[in-house]
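Asker: My questions will all concern the structure given below.
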Amino acid sequence: MSNEIAILGAGMHPWGKWGKNFVEYGVHAAREALADAGVPWQDVQFVSGGATIRCGYPGYVAGATMAQALGWQGAEVNTSYAACASGSQALAAARSKILSGACDVALVVGADTTPKGFLAPAKGYRPEDPDWVRFYLGVTNPTYFGLYARRRMDLYGDTLEDFAAVKVKNAKIGMHNPRARYKKEFSLEDVANSAMVADPLRLMDICATSDGGAALIVSSLEYAKKIGKGDAPRVAAISTVTPTFASSVVEMPDIATDSAAADGVDPTNFRASLPVKAYEEAGIGPEDVSLAEVYDLSTALELDWIEDLQLCERGDAAKLLRDGDTSVGGKIPVNASGGLACFGEAVPAQALAQVCELTWQLRGEAGGRQVEGAKVGITANQGLFGHGSSVIVKK
Amino acid sequence: MSDKPLAPAIEGWHTMDMDQPHLIGTRCVKCGTYSFPKQSGFCKNPDCDSTEFEEVELSRTGTVWSYTNACYKPPEPFVAPDPFVPYALAAVTLEKEQMTILGQVVEGVGVEDLKVGMPMELVLETLHEDEEDTKVTWKWRPAAA
């Protein structure tokens with residue numbers, strides 16, 4: 001039996017700072033995905049939502065909230081929360097339901113409305129909460145991004161200009177994405193003139209938080225054939241593995257890594273482990289990949305991901321960038337959507353937005369940002385508390 | 001510096017030896033896995049089912065894994081001086097414990113003074129003051145050659 005499911009439709013509400021209820025974004029994305037799939041809402045048997053923790057109870061039960069907003073029609077519902085990987089976990093839940101034969105067609109949807117300013121932890125004196133501890137000690141999200149970026153500079157010789165070039169590249173292609181929040185070209189000077197936040201990263205090296213919504217209609221291959229969409233792109237793998245002890249890269253929100261001092265314990269790299277399972281499950285290798293959508297929370301992090309996805313040797317990502325290989329038209333385009341640099345992060349929608357982009361790319365419908373002849377795409381993302389995902393979509 | 005008494009910002013996470021301070025962690029008595037902050041109840045090693053841990057003082061020297069700084073005031077619960085003074089941060093790898101620990105770098109040392117692989121040592125320095133105490137915490141400082 002094949003482990004693949006078909007992607008019949010994709011939809012997104014444009015990213016931005018709209019200030020509306022997250023449900024509006026989710027419904028917009030869901031309706032667009034349904035129309036794209038040509039599937040009536042009444043035929044959807046399972047609604048799998050990515051939760052948002054910033055929008056009260058309706059956000060915790062996002063699957064049901066969206067099902068109600070679209071009009072209760074008796075579908076089964078599920079809600080997944082896995083930080084930045086929530087969308088992929090919601091997709092994985094839909095895949096399990098479909099592959100087990102319990103349903104034919106499912107809606108996967110995630111949406112978020114973000115507050116203004118820093119995402120601060122809950123109040124009080126709470127040293128048992130690592131997220132409280134690190135803010136108390138002066139460790140913010142950009143601290144971690146800064147650490148990773150500095151390490152690249154000292155180990156591999158990456159430069160500030162390399163990091164800025166990632167922003168320039170993503171801005172240049174993201175301009176052609178009608179769903180992106182920032183549709184404007186930036187120069188190396190623009191980035192260099194923006195304020196330093198967490199050395200070596202400047203304001204324009206770090207992604208913003210955004211409102212947005214993304215949705216997919218997925219089905220069994222039989223259902224896809226039945227409605228004349230046998231050639232729809234397929235989800236070939238979903239990896240949502242946890243880290244393996246001893247995780248040796250200091251990760252948000254922790255103040256320390258695991259210890260690899262015990263006998264038989266080796267240090268591991270969580271980010272690099274995520275695509276390993278995806279490649280294995282899809283039965284393909286990095287050499288088969290036509291394009292990648294990676295979680296560029298910072299410009300420098302895009303370079304880490306390229307190596308984690310094994311698209312080049314460790315330390316060589318900046319060379320790939322300098323040679324234009326990661327631009328659309330290059331050997332292995334990365335973030336043809338414009339990435340988080342052009343979107344900003346809408347947590348429960350972001351992993352789904354990555355899959356939406358791969359879907360349009362593989363169908364040849366990405367307009368001015370089309371990667372010619374795209375056959376296989378891979379996503380990668382990582383969130384707090386050991387969450388992350390990598391999804392492979394193929395023709 | 002005021003003349004308020006010194007108190008740890010977080011109770012029990014480090015010794016209060018102002019000269020040669022140590023972070024206080026735990027070591028699993030069965031498999032030898034270290035933890036910081038202290039671990040109790042269960043071991044993080046998936047091959048170990050131990051529930052016994054001994055409190056240990058961690059090595060107070062290590063090498064820089066990486067470093068950065070904070071140019072903007074973090075949100076609460078961070079208590080920032082007014083005006084805010086940027087500070088550097090470093091993640092330092094401890095050889096014996098095979099783990100990396102993040103902390104601020106002492107005042108007066110910036111990213112331009114740091115390099116991956118550089119030896120560092122642990123010291124205590126003021127994090128902030130409250131009405132009663134000067135709250136101190138661990139910070140990293142380039143080790144004297």
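Chain identifiers are assigned as A, B, and so on, following the order in which chains appear in the structure tokens; residues are numbered from 1 within each chain, and ligands are numbered from 1 in order of appearance.
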Residues of chain B within 8 Å of chain A, using only C-alpha atoms, as a ChimeraX atom specification?
Answerer: /B:10,31-37,44-46,65-72,74-79,89-91,96-104,111,115-116,127
Asker: Can you tell me which residues surround range 203-209 of chain A at a distance of at most 9 Å, considering only C-alpha atoms, apart from same-chain residues fewer than 3 positions away, and format the answer as a ChimeraX atom specification?
Answerer: /A:16-17,114-117,142,145,163-164,166-167,190-192,194-198,296-300,340-347
Asker: Limited to C-alpha atoms, could you put the picked residues into a file as a short mmCIF file (atom, residue, chain, number, x, y, z; two decimals), in the first residue's frame?
Answerer:
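result.cif, freshly written:
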```
data_model
loop_
_atom_site.label_atom_id
_atom_site.label_comp_id
_atom_site.auth_asym_id
_atom_site.auth_seq_id
_atom_site.Cartn_x
_atom_site.Cartn_y
_atom_site.Cartn_z
CA GLY A 16 -0.08 40.81 6.99
CA LYS A 17 -0.99 42.63 10.16
CA THR A 114 -0.50 37.89 16.34
CA PRO A 115 -0.24 40.49 19.07
CA LYS A 116 1.93 43.58 18.67
CA GLY A 117 5.52 43.62 19.96
CA PRO A 142 17.00 36.67 18.45
CA PHE A 145 19.45 33.17 16.01
CA PHE A 163 23.32 37.01 5.51
CA ALA A 164 22.10 40.24 3.88
CA VAL A 166 19.66 35.94 1.76
CA LYS A 167 17.26 38.78 2.51
CA ASP A 190 19.19 48.52 3.17
CA VAL A 191 19.98 45.50 5.34
CA ALA A 192 23.34 46.92 6.46
CA SER A 194 18.98 48.49 9.59
CA ALA A 195 19.54 48.41 13.35
CA MET A 196 21.67 45.69 14.96
CA VAL A 197 19.43 43.46 17.11
CA ALA A 198 21.47 40.41 18.10
CA ASP A 296 14.24 31.39 7.72
CA LEU A 297 13.48 32.86 11.14
CA SER A 298 16.75 34.63 10.38
CA THR A 299 18.70 35.01 7.16
CA ALA A 300 21.61 32.98 8.57
CA LEU A 340 9.57 34.10 6.23
CA ALA A 341 11.59 37.12 5.10
CA CYS A 342 8.60 38.16 2.98
CA PHE A 343 5.83 36.58 5.04
CA GLY A 344 6.68 36.93 8.70
CA GLU A 345 5.63 34.04 10.91
CA ALA A 346 2.00 33.02 11.46
CA VAL A 347 2.76 29.99 13.61
#
```
Asker: I'd like to know which of B:Met18, B:Cys43, B:Ala144, B:Leu122 is closest to Val92 in chain B, using only C-alpha atoms.
Answerer: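 Ranked by minimum distance to Val92 in chain B, first place goes to B:Leu122.
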Asker: So the first atom is CA of Leu6 in chain B and the second is CA of Lys135 in chain B; what is the distance between them in Å, to one decimal place?
Answerer: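 One can read the CA of Leu6 in chain B to CA of Lys135 in chain B distance as 6.0 Å.
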Asker: Restricting the calculation to only C-alpha atoms, which member of A:Ala292, A:Ala69, A:Ala351, A:Ala317 is positioned closest to Ala336 in chain A?
Answerer: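 Looking only at the distances to Ala336 in chain A, the closest residue turns out to be A:Ala292.
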Asker: Could you pull the residues within 8 Å of Thr137 in chain B, counting only C-alpha atoms, minus those fewer than 3 positions along the same chain, as an MDAnalysis selection string?
Answerer: chainID B and resid 8:10 14 124:127
Asker: Could you state the separation of CA of Ser290 in chain A and CA of Leu352 in chain A in Å, given to one decimal place?
Answerer: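 Computed distance, CA of Ser290 in chain A to CA of Leu352 in chain A, equals 18.7 Å.
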Asker: Using only C-alpha atoms, which of B:His128, B:Ser2, B:Thr26, B:Glu55 sits nearest Asp82 in chain B?
Answerer: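 Residue with the minimum atom-to-atom distance to Asp82 in chain B: B:His128.
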Asker: Nearest to Cys48 in chain B: which of B:Val136, B:Ala143, B:Val29, B:Val123 is it, counting only C-alpha atoms?
Answerer: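 The closest residue to Cys48 in chain B is B:Val29.
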Asker: Quick one: distance from CA of Cys312 in chain A to CA of Asn177 in chain A in Å, one decimal?
Answerer: 26.8 Å
Asker: Just checking: using only C-alpha atoms, which residue out of B:Glu129, B:Glu52, B:Glu57, B:Gly62 ends up closest to Ala7 in chain B?
Answerer: B:Glu129
Asker: In chain B, what's strand (DSSP E) per DSSP? Answer as a count of residues only?
Answerer: 60
Asker: Need the shell around Leu311 in chain A: protein/DNA/RNA residues with any atom at most 8 Å away, counting only C-alpha atoms. Skip same-chain ones fewer than 2 positions apart. Format as a PDB file with C-alpha atoms, in the first residue's frame?
Answerer:
```
ATOM      1  CA  PRO A 286      18.602  15.251  -1.443  1.00  0.00           C
ATOM      2  CA  GLU A 287      19.816  14.862  -5.050  1.00  0.00           C
ATOM      3  CA  ILE A 306      20.274  24.154   3.430  1.00  0.00           C
ATOM      4  CA  GLU A 307      23.005  22.080   5.070  1.00  0.00           C
ATOM      5  CA  ASP A 308      20.560  20.284   7.386  1.00  0.00           C
ATOM      6  CA  LEU A 309      18.592  19.223   4.285  1.00  0.00           C
ATOM      7  CA  GLU A 313      28.167  19.877   2.572  1.00  0.00           C
ATOM      8  CA  ILE A 332      18.379  24.299  -6.014  1.00  0.00           C
TER       9      ILE A 332
END
```
Asker: Any idea what's packed within 10 Å of Ala214 in chain A, counting only C-alpha atoms, ignoring anything in its chain fewer than 3 positions away? Could you give it as an mmCIF file with N, CA and C atoms, in the first residue's frame?
Answerer:
```cif
data_model
loop_
_atom_site.group_PDB
_atom_site.id
_atom_site.type_symbol
_atom_site.label_atom_id
_atom_site.label_comp_id
_atom_site.auth_asym_id
_atom_site.auth_seq_id
_atom_site.Cartn_x
_atom_site.Cartn_y
_atom_site.Cartn_z
ATOM 1 N N ALA A 10 -5.068 23.965 -2.547
ATOM 2 C CA ALA A 10 -4.309 24.779 -1.594
ATOM 3 C C ALA A 10 -4.913 26.177 -1.571
ATOM 4 N N GLY A 11 -4.884 26.790 -0.402
ATOM 5 C CA GLY A 11 -5.418 28.149 -0.290
ATOM 6 C C GLY A 11 -4.762 28.908 0.839
ATOM 7 N N MET A 12 -4.660 30.207 0.677
ATOM 8 C CA MET A 12 -4.066 31.036 1.732
ATOM 9 C C MET A 12 -4.775 32.384 1.806
ATOM 10 N N HIS A 13 -4.880 32.897 3.021
ATOM 11 C CA HIS A 13 -5.231 34.305 3.199
ATOM 12 C C HIS A 13 -3.909 35.060 3.163
ATOM 13 N N PRO A 14 -3.813 36.186 2.451
ATOM 14 C CA PRO A 14 -2.532 36.904 2.420
ATOM 15 C C PRO A 14 -2.029 37.217 3.827
ATOM 16 N N TRP A 15 -0.709 37.118 4.008
ATOM 17 C CA TRP A 15 -0.082 37.431 5.295
ATOM 18 C C TRP A 15 -0.066 38.955 5.502
ATOM 19 N N TYR A 25 -9.290 34.445 8.639
ATOM 20 C CA TYR A 25 -8.176 34.027 7.759
ATOM 21 C C TYR A 25 -8.302 32.546 7.411
ATOM 22 N N GLY A 26 -8.660 31.748 8.415
ATOM 23 C CA GLY A 26 -8.773 30.302 8.210
ATOM 24 C C GLY A 26 -9.877 29.973 7.219
ATOM 25 N N VAL A 27 -11.017 30.642 7.373
ATOM 26 C CA VAL A 27 -12.154 30.378 6.481
ATOM 27 C C VAL A 27 -11.814 30.803 5.060
ATOM 28 N N HIS A 28 -11.160 31.955 4.934
ATOM 29 C CA HIS A 28 -10.743 32.432 3.609
ATOM 30 C C HIS A 28 -9.839 31.390 2.938
ATOM 31 N N ALA A 29 -8.841 30.912 3.693
ATOM 32 C CA ALA A 29 -7.894 29.929 3.151
ATOM 33 C C ALA A 29 -8.609 28.625 2.804
ATOM 34 N N ALA A 30 -9.498 28.182 3.690
ATOM 35 C CA ALA A 30 -10.222 26.919 3.477
ATOM 36 C C ALA A 30 -11.101 27.007 2.231
ATOM 37 N N GLU A 32 -10.711 28.953 -0.320
ATOM 38 C CA GLU A 32 -9.851 28.995 -1.504
ATOM 39 C C GLU A 32 -9.354 27.591 -1.854
ATOM 40 N N ALA A 33 -8.986 26.827 -0.811
ATOM 41 C CA ALA A 33 -8.492 25.458 -1.036
ATOM 42 C C ALA A 33 -9.600 24.559 -1.576
ATOM 43 N N GLY A 50 -4.602 23.380 12.905
ATOM 44 C CA GLY A 50 -3.410 23.737 13.674
ATOM 45 C C GLY A 50 -3.845 24.758 14.714
ATOM 46 N N GLY A 87 1.077 22.914 11.793
ATOM 47 C CA GLY A 87 0.449 22.646 10.501
ATOM 48 C C GLY A 87 0.829 21.267 9.976
ATOM 49 N N VAL A 108 -7.207 20.507 5.949
ATOM 50 C CA VAL A 108 -6.189 20.842 6.949
ATOM 51 C C VAL A 108 -6.042 22.358 6.945
ATOM 52 N N VAL A 109 -6.154 22.981 8.107
ATOM 53 C CA VAL A 109 -6.176 24.446 8.114
ATOM 54 C C VAL A 109 -5.494 25.001 9.366
ATOM 55 N N GLY A 110 -4.781 26.099 9.203
ATOM 56 C CA GLY A 110 -4.161 26.790 10.337
ATOM 57 C C GLY A 110 -4.216 28.285 10.099
ATOM 58 N N ALA A 111 -4.475 29.054 11.162
ATOM 59 C CA ALA A 111 -4.542 30.513 11.023
ATOM 60 C C ALA A 111 -4.175 31.161 12.348
ATOM 61 N N ASP A 112 -3.694 32.381 12.276
ATOM 62 C CA ASP A 112 -3.272 33.066 13.504
ATOM 63 C C ASP A 112 -3.425 34.573 13.385
ATOM 64 N N ALA A 346 3.345 33.239 10.908
ATOM 65 C CA ALA A 346 2.001 33.025 11.463
ATOM 66 C C ALA A 346 1.980 31.566 11.900
ATOM 67 N N PRO A 348 0.638 28.687 13.392
ATOM 68 C CA PRO A 348 -0.065 27.441 13.000
ATOM 69 C C PRO A 348 -0.315 27.341 11.500
ATOM 70 N N ALA A 349 -0.084 28.423 10.758
ATOM 71 C CA ALA A 349 -0.333 28.424 9.317
ATOM 72 C C ALA A 349 0.941 28.213 8.525
ATOM 73 N N GLN A 350 2.103 28.439 9.171
ATOM 74 C CA GLN A 350 3.341 28.569 8.408
ATOM 75 C C GLN A 350 3.795 27.276 7.747
ATOM 76 N N ALA A 351 3.722 26.159 8.467
ATOM 77 C CA ALA A 351 4.156 24.886 7.884
ATOM 78 C C ALA A 351 3.234 24.499 6.727
ATOM 79 N N LEU A 352 1.946 24.877 6.825
ATOM 80 C CA LEU A 352 1.008 24.602 5.733
ATOM 81 C C LEU A 352 1.276 25.520 4.551
ATOM 82 N N ALA A 353 1.642 26.765 4.843
ATOM 83 C CA ALA A 353 1.965 27.710 3.763
ATOM 84 C C ALA A 353 3.135 27.172 2.942
ATOM 85 N N GLN A 354 4.092 26.535 3.623
ATOM 86 C CA GLN A 354 5.224 25.941 2.895
ATOM 87 C C GLN A 354 4.737 24.873 1.910
ATOM 88 N N VAL A 355 3.791 24.050 2.369
ATOM 89 C CA VAL A 355 3.269 22.981 1.509
ATOM 90 C C VAL A 355 2.420 23.569 0.383
ATOM 91 N N CYS A 356 1.673 24.641 0.672
ATOM 92 C CA CYS A 356 0.898 25.337 -0.378
ATOM 93 C C CYS A 356 1.843 25.770 -1.498
#
```
Asker: Taking only C-alpha atoms into account, which of A:Gly329, A:Glu76, A:Asp162, A:Gly213 comes nearest Glu372 in chain A?
Answerer: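 Closest to Glu372 in chain A, using only C-alpha atoms: A:Gly329.
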Asker: Near Phe42 in chain B, within 8 Å and counting only C-alpha atoms, which residues show up once chain neighbours fewer than 6 positions away are dropped, as a PyMOL selection string?
Answerer: chain B and resi 49-52
Asker: Write out the residues from the selection above, keeping N, CA and C atoms, as a PDB file, in the first residue's frame.
Answerer:
```pdb
ATOM      1  N   ASP B  49      16.618   4.456  33.441  1.00  0.00           N
ATOM      2  CA  ASP B  49      15.354   4.624  34.163  1.00  0.00           C
ATOM      3  C   ASP B  49      15.586   5.062  35.606  1.00  0.00           C
ATOM      4  N   SER B  50      16.757   5.641  35.835  1.00  0.00           N
ATOM      5  CA  SER B  50      17.115   6.042  37.193  1.00  0.00           C
ATOM      6  C   SER B  50      16.228   7.168  37.712  1.00  0.00           C
ATOM      7  N   THR B  51      16.040   7.161  39.029  1.00  0.00           N
ATOM      8  CA  THR B  51      15.310   8.258  39.667  1.00  0.00           C
ATOM      9  C   THR B  51      16.189   8.920  40.722  1.00  0.00           C
ATOM     10  N   GLU B  52      17.476   8.542  40.732  1.00  0.00           N
ATOM     11  CA  GLU B  52      18.384   9.082  41.758  1.00  0.00           C
ATOM     12  C   GLU B  52      19.424  10.006  41.144  1.00  0.00           C
TER      13      GLU B  52
END
```
